[in-house]
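final-v8.csv follows; it contains CSV, C-alpha atoms.
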chain,number,residue,atom,x,y,z
C,1,MET,CA,60.1,165.5,142.1
C,2,SER,CA,63.2,163.4,141.6
C,3,LEU,CA,66.2,164.3,143.5
C,4,PHE,CA,68.5,166.7,141.6
C,5,LEU,CA,70.2,168.7,144.3
C,6,SER,CA,73.6,170.2,144.6
C,7,ARG,CA,76.2,167.6,145.8
C,8,LEU,CA,77.9,168.0,149.1
C,9,ARG,CA,81.2,166.2,149.4
C,10,LEU,CA,81.6,164.4,152.7
C,11,GLY,CA,85.0,164.6,154.4
C,12,LYS,CA,86.8,161.5,155.5
C,13,GLN,CA,84.7,159.0,157.3
C,14,GLY,CA,85.4,160.5,160.7
C,15,LEU,CA,87.9,159.1,163.1
C,16,LEU,CA,89.1,155.5,163.4
C,17,ARG,CA,88.5,154.1,166.9
C,18,ARG,CA,89.2,150.7,168.3
C,19,SER,CA,86.3,148.7,169.7
C,20,SER,CA,86.2,148.5,173.4
C,21,LEU,CA,82.9,146.6,173.3
C,22,LEU,CA,83.5,143.7,170.9
C,23,ILE,CA,86.0,141.9,173.0
C,24,PHE,CA,84.6,138.4,173.1
C,25,SER,CA,85.6,135.6,170.7
C,26,ASN,CA,82.1,135.4,169.4
C,27,GLY,CA,82.0,139.2,168.6
C,28,PHE,CA,79.1,140.0,170.9
C,29,SER,CA,79.0,143.1,173.1
C,30,SER,CA,78.1,142.9,176.7
C,31,SER,CA,76.2,146.2,176.2
C,32,SER,CA,74.5,145.5,172.9
C,33,LEU,CA,70.8,145.7,172.4
C,34,HIS,CA,68.8,142.9,170.8
C,35,GLN,CA,69.8,144.0,167.3
C,36,THR,CA,73.0,145.5,166.1
C,37,PRO,CA,72.9,148.6,163.9
C,38,PRO,CA,73.3,148.3,160.2
C,39,CYS,CA,77.0,148.6,159.2
C,40,ASN,CA,79.3,148.5,156.3
C,41,ILE,CA,82.8,147.1,155.8
C,42,LEU,CA,85.4,149.8,155.3
C,43,GLY,CA,88.4,147.5,155.0
C,44,ALA,CA,91.0,145.8,157.2
C,45,LYS,CA,94.2,147.0,158.9
C,46,PRO,CA,97.1,144.6,158.0
C,47,CYS,CA,98.3,142.6,161.0
C,48,GLY,CA,100.5,140.0,159.3
C,49,GLU,CA,100.2,136.6,157.7
C,50,GLY,CA,97.7,137.9,155.1
C,51,LEU,CA,95.3,138.9,157.8
C,52,GLY,CA,93.9,142.2,158.8
C,53,LYS,CA,91.8,143.6,161.6
C,54,LEU,CA,88.3,144.3,160.3
C,55,ILE,CA,87.2,147.9,160.1
C,56,ILE,CA,83.5,148.7,160.0
C,57,LYS,CA,81.3,151.8,160.2
C,58,ASN,CA,77.9,151.6,162.0
C,59,ALA,CA,75.3,153.4,159.9
C,60,ASN,CA,74.2,155.5,163.0
C,61,GLU,CA,77.8,156.6,163.8
C,62,ARG,CA,80.3,158.9,162.1
C,63,ASP,CA,83.5,157.3,163.3
C,64,ALA,CA,84.9,154.0,162.0
C,65,THR,CA,85.6,151.1,164.4
C,66,GLU,CA,88.6,148.8,164.2
C,67,LEU,CA,87.7,145.4,165.6
C,68,GLU,CA,89.9,142.7,167.0
C,69,LYS,CA,88.5,140.3,164.5
C,70,LYS,CA,91.1,139.1,162.1
C,71,VAL,CA,90.0,138.4,158.5
C,72,PRO,CA,91.8,137.4,155.3
C,73,MET,CA,92.9,140.6,153.5
C,74,ASP,CA,92.2,139.2,150.1
C,75,LEU,CA,88.7,138.3,151.1
C,76,VAL,CA,88.0,141.9,152.3
C,77,TYR,CA,89.2,143.4,149.0
C,78,ASN,CA,87.9,140.5,146.9
C,79,ASN,CA,91.1,140.0,144.9
C,80,HIS,CA,91.8,136.3,145.4
C,81,GLY,CA,91.7,135.4,141.8
C,82,ASN,CA,90.9,131.8,142.9
C,83,ASP,CA,88.2,132.8,145.4
C,84,THR,CA,85.7,135.5,144.2
C,85,ILE,CA,82.9,137.0,146.3
C,86,VAL,CA,79.8,136.8,144.1
C,87,GLY,CA,77.1,138.0,146.5
C,88,ALA,CA,76.1,138.7,150.1
C,89,SER,CA,73.0,138.3,152.2
C,90,HIS,CA,72.1,138.5,155.9
C,91,GLY,CA,75.8,139.1,156.8
C,92,TRP,CA,77.0,136.1,154.9
C,93,ILE,CA,79.2,136.4,151.8
C,94,ALA,CA,79.0,133.9,148.9
C,95,THR,CA,82.3,132.9,147.3
C,96,LEU,CA,82.9,130.9,144.1
C,97,LYS,CA,86.1,129.1,143.6
C,98,ASP,CA,87.6,127.7,140.4
C,99,ASP,CA,86.3,124.3,141.5
C,100,GLY,CA,82.7,125.5,140.8
C,101,ILE,CA,81.7,125.2,144.5
C,102,LEU,CA,79.6,128.0,145.9
C,103,ARG,CA,80.4,128.6,149.6
C,104,LEU,CA,78.7,130.7,152.3
C,105,GLN,CA,81.0,132.4,154.7
C,106,ASP,CA,80.5,134.6,157.8
C,107,ASP,CA,84.1,135.9,157.9
C,108,LEU,CA,83.1,139.5,157.3
C,109,ASN,CA,80.2,139.6,159.7
C,110,PRO,CA,81.5,141.6,162.7
C,111,TYR,CA,79.1,139.8,165.0
C,112,ALA,CA,80.0,136.3,164.0
C,113,SER,CA,82.7,134.3,165.7
C,114,TYR,CA,86.1,135.9,165.8
C,115,THR,CA,88.0,132.6,166.0
C,116,GLU,CA,85.8,130.0,164.3
C,117,PRO,CA,84.3,131.5,161.1
C,118,LYS,CA,81.7,129.3,159.4
C,119,HIS,CA,82.2,128.1,155.8
C,120,ILE,CA,79.3,126.2,154.3
C,121,PRO,CA,80.1,124.5,150.9
C,122,LEU,CA,77.1,124.0,148.8
C,123,PRO,CA,76.7,121.1,146.3
C,124,PRO,CA,78.5,121.4,143.0
C,125,LEU,CA,76.7,123.6,140.6
C,126,VAL,CA,74.9,122.0,137.7
C,127,THR,CA,74.7,124.0,134.5
C,128,MET,CA,71.5,123.7,132.5
C,129,ARG,CA,71.6,123.3,128.8
C,130,HIS,CA,72.3,126.6,127.0
C,131,CYS,CA,73.0,128.3,130.4
C,132,GLN,CA,76.2,129.2,132.4
C,133,THR,CA,77.2,129.2,136.1
C,134,LYS,CA,80.5,131.0,135.9
C,135,ILE,CA,79.0,134.5,136.2
C,136,VAL,CA,76.7,135.0,139.2
C,137,THR,CA,74.4,138.0,139.3
C,138,ASN,CA,73.9,137.7,143.0
C,139,VAL,CA,72.9,135.5,145.9
C,140,SER,CA,69.8,135.8,148.1
C,141,MET,CA,68.8,133.8,151.3
C,142,SER,CA,65.4,133.3,152.9
C,143,SER,CA,66.8,133.5,156.4
C,144,SER,CA,70.0,134.4,158.2
C,145,CYS,CA,70.8,130.8,159.4
C,146,PRO,CA,71.8,128.7,156.5
C,147,ASP,CA,73.8,126.5,158.8
C,148,ASP,CA,71.0,125.3,161.1
C,149,ASP,CA,67.7,126.4,159.7
C,150,GLU,CA,66.5,123.5,157.6
C,151,ASN,CA,63.9,125.7,155.9
C,152,CYS,CA,66.5,128.3,154.8
C,153,VAL,CA,66.7,128.5,151.0
C,154,VAL,CA,69.7,129.9,149.1
C,155,ALA,CA,68.9,131.3,145.7
C,156,ALA,CA,71.7,131.8,143.1
C,157,LYS,CA,70.9,134.0,140.1
C,158,PHE,CA,73.2,133.6,137.2
C,159,LEU,CA,73.7,135.9,134.2
C,160,GLY,CA,71.3,134.4,131.7
C,161,ALA,CA,68.4,132.0,132.1
C,162,GLN,CA,69.4,129.9,135.1
C,163,LEU,CA,68.0,130.4,138.7
C,164,SER,CA,69.0,127.8,141.3
C,165,PHE,CA,67.7,127.0,144.8
C,166,CYS,CA,69.3,125.0,147.6
C,167,LYS,CA,68.6,124.2,151.2
C,168,PRO,CA,72.0,123.8,152.9
C,169,ALA,CA,70.7,122.5,156.2
C,170,SER,CA,68.0,120.2,154.9
C,171,GLN,CA,67.4,117.2,157.2
C,172,SER,CA,65.0,115.3,155.0
C,173,SER,CA,67.4,114.8,152.1
C,174,LYS,CA,70.9,115.5,151.0
C,175,PRO,CA,71.3,119.1,149.9
C,176,GLU,CA,71.1,119.6,146.2
C,177,TRP,CA,70.4,122.3,143.7
C,178,THR,CA,67.0,122.7,142.1
C,179,ASN,CA,67.5,124.5,138.8
C,180,ILE,CA,64.9,126.6,137.0
C,181,ARG,CA,65.1,127.9,133.5
C,182,ILE,CA,63.8,131.5,133.2
C,183,LYS,CA,61.9,132.0,130.0
C,184,ASN,CA,61.6,135.7,129.8
C,185,PRO,CA,64.9,137.4,128.7
C,186,CYS,CA,64.0,140.6,130.6
C,187,PHE,CA,65.0,138.8,133.8
C,188,TYR,CA,68.4,137.6,132.5
C,189,SER,CA,70.6,140.3,134.0
C,190,SER,CA,68.5,141.2,137.0
C,191,ARG,CA,69.1,140.4,140.7
C,192,VAL,CA,67.1,138.1,142.9
C,193,VAL,CA,65.7,139.1,146.3
C,194,PHE,CA,63.6,137.3,148.9
C,195,SER,CA,60.2,138.5,150.0
C,196,LYS,CA,59.6,137.4,153.6
C,197,LYS,CA,56.0,138.6,153.3
C,198,GLU,CA,55.2,136.4,150.2
C,199,GLU,CA,57.8,133.7,151.1
C,200,MET,CA,58.9,133.9,147.5
C,201,PHE,CA,62.0,134.9,145.6
C,202,ARG,CA,61.4,137.9,143.3
C,203,ILE,CA,63.2,139.2,140.2
C,204,LEU,CA,62.5,142.6,138.6
C,205,GLY,CA,62.6,142.7,134.9
C,206,TYR,CA,64.9,145.1,133.0
C,207,GLY,CA,63.3,148.5,133.1
C,208,GLY,CA,61.2,147.7,136.1
C,209,HIS,CA,57.9,147.1,134.5
C,210,LEU,CA,57.5,143.4,135.2
C,211,MET,CA,58.1,141.5,138.4
C,212,GLY,CA,58.4,137.7,138.6
C,213,SER,CA,58.0,135.6,141.8
C,214,TRP,CA,59.3,132.1,142.2
C,215,ASP,CA,58.1,129.8,145.1
C,216,PRO,CA,61.2,127.8,146.3
C,217,CYS,CA,58.9,125.1,147.8
C,218,LYS,CA,57.1,124.6,144.5
C,219,PRO,CA,59.8,125.3,141.8
C,220,SER,CA,58.4,126.1,138.4
C,221,GLU,CA,59.5,127.6,135.2
C,222,ASP,CA,56.2,129.5,135.1
C,223,PRO,CA,56.5,132.2,137.9
C,224,LYS,CA,53.9,134.5,139.2
C,225,LEU,CA,54.1,137.5,136.9
C,226,GLN,CA,52.9,141.0,137.8
C,227,ILE,CA,52.9,144.1,135.6
C,228,LEU,CA,53.8,147.3,137.4
C,229,HIS,CA,51.9,150.4,136.7
C,230,PHE,CA,53.8,153.6,137.5
C,231,GLN,CA,51.8,156.4,139.0
C,232,LYS,CA,52.3,160.0,140.2
C,233,ILE,CA,55.5,160.3,138.2
C,234,PRO,CA,56.7,163.9,138.7
C,235,LYS,CA,56.8,166.3,135.7
C,236,LEU,CA,60.4,167.3,135.2
C,237,PRO,CA,62.0,170.1,133.2
C,238,LYS,CA,63.3,169.2,129.7
C,239,ALA,CA,66.9,169.5,130.8
C,240,THR,CA,66.3,167.1,133.6
C,241,ARG,CA,64.6,164.5,131.4
C,242,GLU,CA,67.5,164.7,128.9
C,243,LEU,CA,70.0,164.2,131.7
C,244,MET,CA,68.1,161.2,133.0
C,245,ASP,CA,67.9,159.8,129.4
C,246,SER,CA,71.7,160.0,129.1
C,247,CYS,CA,72.3,158.1,132.4
C,248,CYS,CA,72.8,154.4,133.1
C,249,LYS,CA,69.7,153.1,134.8
C,250,SER,CA,69.2,150.4,137.4
C,251,GLU,CA,66.3,149.2,139.4
C,252,HIS,CA,66.3,147.7,142.9
C,253,LEU,CA,63.6,145.9,144.8
C,254,VAL,CA,63.6,146.0,148.6
C,255,GLU,CA,61.1,145.0,151.3
C,256,SER,CA,60.6,146.7,154.6
C,257,PRO,CA,60.4,144.8,158.0
C,258,ALA,CA,56.6,145.4,157.8
C,259,GLY,CA,56.4,143.8,154.4
C,260,GLU,CA,56.1,147.0,152.2
C,261,THR,CA,57.7,146.7,148.8
C,262,PHE,CA,59.8,149.6,147.3
C,263,LEU,CA,61.3,150.0,143.9
C,264,VAL,CA,64.3,152.3,143.7
C,265,LYS,CA,65.3,153.6,140.3
C,266,MET,CA,68.8,155.0,140.1
C,267,TYR,CA,70.3,157.2,137.3
C,268,ARG,CA,74.1,157.2,137.2
C,269,LYS,CA,76.6,158.8,134.9
C,270,THR,CA,80.4,158.6,134.4
C,271,SER,CA,82.1,161.4,136.4
C,272,GLU,CA,85.7,160.6,135.8
C,273,ILE,CA,88.0,158.0,134.2
C,274,SER,CA,90.7,156.5,136.5
C,275,LYS,CA,94.3,156.0,135.5
C,276,GLY,CA,93.5,152.4,134.8
C,277,GLY,CA,90.9,153.4,132.3
C,278,ILE,CA,88.0,152.5,134.6
C,279,ALA,CA,84.9,154.7,134.5
C,280,LYS,CA,83.8,156.1,137.9
C,281,MET,CA,80.1,156.5,138.1
C,282,LYS,CA,78.1,159.0,140.3
C,283,THR,CA,74.4,159.0,141.0
C,284,ARG,CA,72.6,161.9,139.3
C,285,ALA,CA,69.0,161.1,140.2
C,286,LEU,CA,67.0,158.7,142.2
C,287,MET,CA,63.3,157.9,142.4
C,288,VAL,CA,61.5,155.6,144.9
C,289,PHE,CA,58.1,153.9,144.2
C,290,LYS,CA,55.9,152.0,146.7
C,291,ILE,CA,54.4,148.9,145.1
C,292,ASP,CA,51.0,147.7,146.3
C,293,GLU,CA,49.4,144.2,145.9
C,294,GLU,CA,47.8,145.3,142.6
C,295,GLY,CA,51.1,146.2,141.1
C,296,ASN,CA,50.6,150.0,141.4
C,297,ALA,CA,54.0,151.6,141.7
C,298,VAL,CA,53.4,155.0,143.3
C,299,HIS,CA,56.2,157.6,143.3
C,300,THR,CA,57.0,158.8,146.8
C,301,GLN,CA,59.4,161.0,148.6
C,302,ASP,CA,58.3,159.8,152.0
C,303,ILE,CA,59.1,156.2,153.2
C,304,GLY,CA,58.5,157.2,156.8
C,305,ASP,CA,60.9,156.0,159.5
C,306,LEU,CA,62.8,153.7,157.1
C,307,VAL,CA,66.3,153.8,155.6
C,308,ILE,CA,67.0,151.8,152.4
C,309,PHE,CA,70.5,150.3,152.1
C,310,LEU,CA,71.7,149.4,148.6
C,311,SER,CA,75.1,147.7,148.0
C,312,ASP,CA,76.6,144.5,146.6
C,313,SER,CA,74.7,142.8,149.4
C,314,GLU,CA,71.0,141.9,149.2
C,315,PRO,CA,69.1,145.2,149.7
C,316,PHE,CA,67.3,145.8,153.0
C,317,CYS,CA,65.4,148.4,155.0
C,318,ALA,CA,66.0,149.4,158.7
C,319,PRO,CA,63.8,151.5,161.0
C,320,ALA,CA,65.7,154.6,162.0
C,321,ALA,CA,64.0,154.9,165.3
C,322,SER,CA,65.5,151.6,166.4
C,323,PHE,CA,69.1,153.0,166.0
C,324,PRO,CA,69.6,156.5,167.4
C,325,GLY,CA,71.7,158.5,165.1
C,326,LEU,CA,70.3,157.0,161.9
C,327,HIS,CA,68.4,159.4,159.7
C,328,SER,CA,64.9,158.4,158.5
C,329,ASN,CA,63.6,158.7,155.0
C,330,HIS,CA,67.0,158.1,153.4
C,331,VAL,CA,68.6,155.9,150.8
C,332,GLU,CA,72.2,154.9,151.4
C,333,PHE,CA,74.2,153.4,148.5
C,334,LEU,CA,77.6,151.8,148.1
C,335,GLU,CA,79.3,150.5,145.0
C,336,ALA,CA,82.6,148.6,145.3
C,337,PHE,CA,85.6,150.9,145.1
C,338,ASN,CA,83.6,153.6,143.4
C,339,GLU,CA,80.7,155.5,144.8
C,340,VAL,CA,79.3,156.3,148.3
C,341,ALA,CA,75.9,158.1,148.3
C,342,TYR,CA,73.5,159.4,150.9
C,343,ILE,CA,70.1,160.6,149.6
C,344,ASP,CA,67.5,162.4,151.7
C,345,LEU,CA,64.2,161.6,149.9
C,346,SER,CA,62.6,164.8,151.2
C,347,GLY,CA,65.0,166.7,149.0
C,348,HIS,CA,67.1,168.4,151.7
C,349,ALA,CA,70.4,166.6,150.9
C,350,PHE,CA,72.0,164.6,148.1
C,351,ILE,CA,75.5,163.6,149.0
C,352,SER,CA,77.6,161.5,146.5
C,353,TYR,CA,81.3,161.1,146.2
C,354,ILE,CA,83.9,158.8,144.7
C,355,ASP,CA,85.9,156.6,147.0
C,356,SER,CA,88.1,153.9,145.5
C,357,HIS,CA,88.9,152.2,148.8
C,358,PHE,CA,85.6,150.8,150.1
C,359,PRO,CA,84.3,147.3,149.7
C,360,ALA,CA,80.6,147.5,149.2
C,361,TYR,CA,78.8,145.3,151.7
C,362,TYR,CA,76.0,146.6,154.0
C,363,ILE,CA,75.3,144.2,156.8
C,364,PRO,CA,71.7,144.3,158.1
C,365,PRO,CA,70.8,144.4,161.8
C,366,GLN,CA,71.9,141.1,163.5
C,367,LYS,CA,70.0,139.5,166.3
C,368,ILE,CA,72.3,138.9,169.3

Write-out of the structure in structure tokens:
Amino acid sequence: MSLFLSRLRLGKQGLLRRSSLLIFSNGFSSSSLHQTPPCNILGAKPCGEGLGKLIIKNANERDATELEKKVPMDLVYNNHGNDTIVGASHGWIATLKDDGILRLQDDLNPYASYTEPKHIPLPPLVTMRHCQTKIVTNVSMSSSCPDDDENCVVAAKFLGAQLSFCKPASQSSKPEWTNIRIKNPCFYSSRVVFSKKEEMFRILGYGGHLMGSWDPCKPSEDPKLQILHFQKIPKLPKATRELMDSCCKSEHLVESPAGETFLVKMYRKTSEISKGGIAKMKTRALMVFKIDEEGNAVHTQDIGDLVIFLSDSEPFCAPAASFPGLHSNHVEFLEAFNEVAYIDLSGHAFISYIDSHFPAYYIPPQKI
């Protein structure tokens, strides 16, 4: 059945501790394993000159960690005005300035250089006829090394019909954007994600019944389309169905390290109106479907050892067994300055609360 359980409000995010491990200029720990645990950005502690010491929380720990890494405060809280974060992937954030240049930055990656952050300016955006490039839906990358992997492709999805690809480290030619016009309007407001298994960028159509895949090596306005067939949908009480019908719905595609594809359906509803007149949303239900190669989307409450992380970053999965303290068969969700949610898919816990202070970037495990 879908997850409609009583909410438990978490207390404060544990204690704030200073990092005694991340002491080198490159952010690496002498006692780290081959991969860092997933983490999220909690904020930054002001330390003068518009900078702050980055505060993170590892997903397998309760306490927050204050790092020695200094980052621009405006970047953490995304209130530049002239420099807006429009997406994040693999620990990199994408910013778009008034000059129309999309830039990749690793400032907020706790395991990137403390003293020499990388900023990669991409070529000027080219707006296709009857399209726009001011509003970016999200950014996705095919690998975590856009600075030195010449095969790394950056995909920028804009609200509307334009999808653009770029290879920032291309050695064979000068980097440039390849623009594609999306024909089907059901993809206009959706996010793009990269499938490592298929080596293609995917977009889920509105409502989650159609999935399009674009090959960045063979750009085409005619993507591979797959109709999804939902199966084993649980029978729900009338009151539950009516509540779900009254919610705002969103769908998220995510791929596991083993190449499994999951579709997460979220049902959210306004829980309060802030003083500024902003509606605060809370998750009221969540359903997960596993998609096979034939397009069968089978409802499941068991994703095994995995944890799904959803935020303003590109979604990802992580194996709980690799990071002691991480709980398997869970979905963790962040929305900027709004909601934090932890959902146990087996039905034992559904924790959701409003927090107006968190940025919303989950950073996947980093190789070190």

**Request:** State, in Å with one decimal place, the distance from CA of Thr283 in chain C to CA of Glu339 in chain C.
**Result:**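 Between CA of Thr283 in chain C and CA of Glu339 in chain C the gap works out to 8.1 Å.
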
**Message:** Can you pull out the residues contacting range 128-140 of chain C? Cut-off 9 Å, using all atoms listed in the file, and skip same-chain residues under 2 positions away; I want them as a ChimeraX atom specification.
**Reply:** /C:86-90,93-94,96,100,125-126,142,153-162,179-181,189-194,201,312-314

**Message:** Around the point (69.1, 151.5, 155.4) (coordinates from the file), which residues reach within 9 Å if we count all atoms listed in the file? Answer as a PyMOL selection string.
**Reply:** chain C and resi 38+59+306-310+315-320+326+328+330-333+362+364

**Asked** Nearest to Ser143 in chain C: which of C:Tyr188, C:Cys248, C:Gln105, C:Lys196 is it, counting all atoms listed in the file?
**Response** C:Lys196

**Asked** What is the CA of Leu345 in chain C-CA of Ser271 in chain C distance in Å, reported with one decimal?
**Response**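 Interatomic distance here is 22.4 Å.
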
**Message:** Please list as JSON, numbers by chain every residue within 9 Å of range 225-233 of chain C, counting only C-alpha atoms and excluding residues in the same chain fewer than 4 positions away.
**Reply:** {"C": [1, 2, 208, 209, 210, 211, 212, 213, 289, 291, 294, 295, 296, 297, 298, 299, 300]}

**Prompt:** Quick one: distance from CA of Arg284 in chain C to CA of Asn338 in chain C in Å, one decimal?
**Reply:** 14.4 Å

**Prompt:** Which residue out of C:Gly304, C:Pro146, C:Pro216, C:Gly52 has the minimum interatomic distance to Thr178 in chain C when only C-alpha atoms are used?
**Reply:**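 Using only C-alpha atoms, the shortest distance to Thr178 in chain C belongs to C:Pro216.
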
**Asked** Which residue, C:Lys174, C:Lys280, C:Lys249, C:Arg241, has the smallest gap to Lys265 in chain C when you use all atoms listed in the file?
**Response** C:Lys249

**Item:** Polymer residues at most 12 Å from Ile278 in chain C, all atoms listed in the file, same-chain spacing of 5 or more positions, as a list in words
**Value:** Thr270, Ser271, Glu272, Ile273, Phe337, Asn338 and Ser356 of chain C

**Test item: which residues lie within 9 Å of (82.4, 145.1, 162.6) counting all atoms listed in the file, as a ChimeraX atom specification** = /C:19,22,27,39-41,54-58,65-67,69,108-111
